[in-house]
Amino acid sequence: MELVAQRDNDIDNWKEVTLIYSSALKQISVKLEILNDEFQHVHRYNPIEHIKSRIKTPESIVKKLKKHGYESTIQNMIEHVNDIAGIRVICSFTSDIYRIADMIRNQSDIKVIAVKDYLVSPKSSGYKSYHMLVTVPVYLSDRIVDTKVEIQIRTVAMDFWASLEHKINYKFEGNAPAYIKNELIECSKMASELDRRMLSLNEEIQMINQNKSQ
Ligand code: 0O2
């Protein structure tokens with residue numbers, strides 16, 4: 001069953017909707033922790049550095065609805081704002097990103113609705129990350145609700161860049177001068193180069209370890 005606004009009273013409605021989104025975030029977080037623990041057990045390695053999750057603020061949801069020309073109703077929020085529940089998975093290497101995405105895809109109760117691979121096609125800002133829009137079933141007392149969660153998977157370097165770029169753009173209210181935008185694009189390239197070198201270093205270390213154990 002898809003999530004729908006159930007009650008007449010807006011406050012009760014919103015409380016119920018946020019409770020469902022929070023539950024969906026908990027479900028995905030636990031799934032990711034279990035996968036990470038299992039990976040550590042089998043391969044003696046943690047692909048996930050850390051996980052952050054959040055429910056989008058009502059102000060930010062209303063802003064997004066306005067941007068896309070929708071009236072601010074709870075039903076429109078549910079239908080048109082895909083990242084009310086958001087989870088960010090930070091990992092060490094770019095190869096971990098696809099490994100984690102595959103592990104999520106293989107969970108039988110998770111349905112992948114859309115994928116945006118900003119590693120293959122970075123945004124013009126220089127933003128890189130792997131986005132998955134999924135639904136996860138939330139088990140309530142009287143029904144099961146398939147709830148949307150946006151999962152962003154990125155490396156530590158990509159996360160460092162995105163956090164600072166977000167702060168800078170916030171300061172300039174989205175209209176940063178061209179030289180700052182260009183500098184951010186250069187920094188994004190440097191972060192990608194760092195990711196590339198760290199990945200190659202890690203591969204070399206793994207080869208050395210494999211040869212030692214043979
Ligand atoms: P916040 O504060 O993180 O919630 P849409 O969601 O459909 O309106 P779009 O661009 O198609 O817009 O969605 P997309 O590409 O999946 O990106 C949504 C989220 O990705 C953003 O959420 C950011 O978290 C992140 N993101 C996308 N582009 C950039 C960028 O250039 N810089 C940074 N730092 N983050 C980016 P919100 O709602 O914008 O913000």
# chains A, B, ... in the order shown; residues from 1 in each chain; ligands from 1

call {"tool": "residues_near_ligand", "arguments": {"ligand": "ligand 1", "cutoff": "7 Å", "atoms": "only C-alpha atoms and all ligand atoms", "output": "ChimeraX atom specification"}}
result
/A:56,64,81-83,116,123,125-127,131,162-163,165-166

call {"tool": "select_by_dssp", "arguments": {"residues": "range 1-194 of chain A", "states": "alpha helix (DSSP H)", "output": "ChimeraX atom specification"}}
result
/A:10-43,58-67,74-80,94-105,156-171,178-194

call {"tool": "closest_atom_pairs", "arguments": {"of": "range 12-71 of chain A", "to": "range 195-212 of chain A", "cutoff": "12 Å", "atoms": "only C-alpha atoms", "output": "CSV"}}
result
residue,atom,partner,partner_atom,distance
A:His43,CA,A:Gln206,CA,11.6
A:Arg44,CA,A:Gln206,CA,11.8
A:Tyr45,CA,A:Gln206,CA,11.2

call {"tool": "write_last_selection", "arguments": {"atoms": "N, CA, C and O atoms", "output": "PDB file, in the first residue's frame"}}
result
ATOM      1  N   HIS A  43      34.658 -10.528   4.907  1.00  0.00           N
ATOM      2  CA  HIS A  43      35.828  -9.991   4.180  1.00  0.00           C
ATOM      3  C   HIS A  43      36.818  -9.237   5.077  1.00  0.00           C
ATOM      4  O   HIS A  43      37.790  -8.678   4.585  1.00  0.00           O
ATOM      5  N   ARG A  44      36.544  -9.162   6.348  1.00  0.00           N
ATOM      6  CA  ARG A  44      37.399  -8.426   7.303  1.00  0.00           C
ATOM      7  C   ARG A  44      37.608  -6.973   6.864  1.00  0.00           C
ATOM      8  O   ARG A  44      38.714  -6.452   6.868  1.00  0.00           O
ATOM      9  N   TYR A  45      36.499  -6.363   6.429  1.00  0.00           N
ATOM     10  CA  TYR A  45      36.591  -4.995   5.918  1.00  0.00           C
ATOM     11  C   TYR A  45      35.224  -4.320   6.000  1.00  0.00           C
ATOM     12  O   TYR A  45      34.206  -4.946   5.704  1.00  0.00           O
TER      13      TYR A  45
END

call {"tool": "select_by_dssp", "arguments": {"residues": "range 8-197 of chain A", "states": "strand (DSSP E)", "output": "number ranges by chain"}}
result
A: 48-55, 85-91, 111-117, 130-139, 144-155

call {"tool": "closest_residue", "arguments": {"among": "A:Lys181, A:Lys15, A:Lys148, A:His41", "to": "Gln27 in chain A", "atoms": "only C-alpha atoms"}}
result
A:Lys148

call {"tool": "closest_residue", "arguments": {"among": "A:Pro137, A:Pro58, A:Pro47, A:Gly174", "to": "Asp109 in chain A", "atoms": "only C-alpha atoms"}}
result
A:Pro137

call {"tool": "closest_residue", "arguments": {"among": "A:Val156, A:Val17, A:Ala114, A:Leu119", "to": "Ile51 in chain A", "atoms": "only C-alpha atoms"}}
result
A:Val156

call {"tool": "closest_residue", "arguments": {"among": "A:Ile48, A:Leu3, A:Ile168, A:Val42", "to": "Arg154 in chain A", "atoms": "only C-alpha atoms"}}
result
A:Ile48

call {"tool": "atom_distance", "arguments": {"atom1": "CA of Glu33 in chain A", "atom2": "CA of Ser141 in chain A"}}
result
25.3 Å

call {"tool": "residues_around", "arguments": {"residues": "Ile61 in chain A", "least_positions_apart": "3", "cutoff": "12 Å", "atoms": "only C-alpha atoms", "output": "list in words"}}
result
Ile55, Lys56, Thr57, Pro58, Lys64, Leu65, Lys66, Lys67, His68, Tyr70, Glu71, Ser72, Thr73, Ile74, Asn76, Met77, Ile78, Glu79, His80, Val81, Asn82, Asp83, Ile84 and Ala85 of chain A

call {"tool": "decode", "arguments": {"residues": "range 192-205 of chain A", "atoms": "N, CA and C atoms", "output": "PDB file, in the first residue's frame"}}
result
ATOM      1  N   SER A 192      38.084  14.092  -6.692  1.00  0.00           N
ATOM      2  CA  SER A 192      37.991  12.885  -7.527  1.00  0.00           C
ATOM      3  C   SER A 192      39.365  12.253  -7.703  1.00  0.00           C
ATOM      4  N   GLU A 193      40.383  13.112  -7.883  1.00  0.00           N
ATOM      5  CA  GLU A 193      41.752  12.607  -8.048  1.00  0.00           C
ATOM      6  C   GLU A 193      42.206  11.910  -6.753  1.00  0.00           C
ATOM      7  N   LEU A 194      41.850  12.499  -5.620  1.00  0.00           N
ATOM      8  CA  LEU A 194      42.185  11.885  -4.325  1.00  0.00           C
ATOM      9  C   LEU A 194      41.512  10.517  -4.210  1.00  0.00           C
ATOM     10  N   ASP A 195      40.233  10.442  -4.600  1.00  0.00           N
ATOM     11  CA  ASP A 195      39.506   9.163  -4.569  1.00  0.00           C
ATOM     12  C   ASP A 195      40.194   8.126  -5.461  1.00  0.00           C
ATOM     13  N   ARG A 196      40.611   8.586  -6.654  1.00  0.00           N
ATOM     14  CA  ARG A 196      41.243   7.659  -7.611  1.00  0.00           C
ATOM     15  C   ARG A 196      42.545   7.102  -7.029  1.00  0.00           C
ATOM     16  N   ARG A 197      43.361   8.003  -6.447  1.00  0.00           N
ATOM     17  CA  ARG A 197      44.656   7.564  -5.910  1.00  0.00           C
ATOM     18  C   ARG A 197      44.492   6.677  -4.685  1.00  0.00           C
ATOM     19  N   MET A 198      43.535   6.999  -3.831  1.00  0.00           N
ATOM     20  CA  MET A 198      43.289   6.184  -2.633  1.00  0.00           C
ATOM     21  C   MET A 198      42.804   4.787  -3.021  1.00  0.00           C
ATOM     22  N   LEU A 199      41.944   4.723  -4.057  1.00  0.00           N
ATOM     23  CA  LEU A 199      41.431   3.431  -4.517  1.00  0.00           C
ATOM     24  C   LEU A 199      42.586   2.583  -5.054  1.00  0.00           C
ATOM     25  N   SER A 200      43.456   3.228  -5.851  1.00  0.00           N
ATOM     26  CA  SER A 200      44.559   2.470  -6.439  1.00  0.00           C
ATOM     27  C   SER A 200      45.546   2.014  -5.351  1.00  0.00           C
ATOM     28  N   LEU A 201      45.765   2.867  -4.337  1.00  0.00           N
ATOM     29  CA  LEU A 201      46.630   2.496  -3.203  1.00  0.00           C
ATOM     30  C   LEU A 201      46.036   1.294  -2.465  1.00  0.00           C
ATOM     31  N   ASN A 202      44.731   1.345  -2.264  1.00  0.00           N
ATOM     32  CA  ASN A 202      44.054   0.250  -1.559  1.00  0.00           C
ATOM     33  C   ASN A 202      44.167  -1.057  -2.340  1.00  0.00           C
ATOM     34  N   GLU A 203      44.037  -0.960  -3.669  1.00  0.00           N
ATOM     35  CA  GLU A 203      44.142  -2.174  -4.497  1.00  0.00           C
ATOM     36  C   GLU A 203      45.547  -2.770  -4.390  1.00  0.00           C
ATOM     37  N   GLU A 204      46.550  -1.885  -4.370  1.00  0.00           N
ATOM     38  CA  GLU A 204      47.938  -2.380  -4.245  1.00  0.00           C
ATOM     39  C   GLU A 204      48.150  -3.069  -2.906  1.00  0.00           C
ATOM     40  N   ILE A 205      47.625  -2.475  -1.842  1.00  0.00           N
ATOM     41  CA  ILE A 205      47.776  -3.060  -0.498  1.00  0.00           C
ATOM     42  C   ILE A 205      47.100  -4.433  -0.446  1.00  0.00           C
TER      43      ILE A 205
END
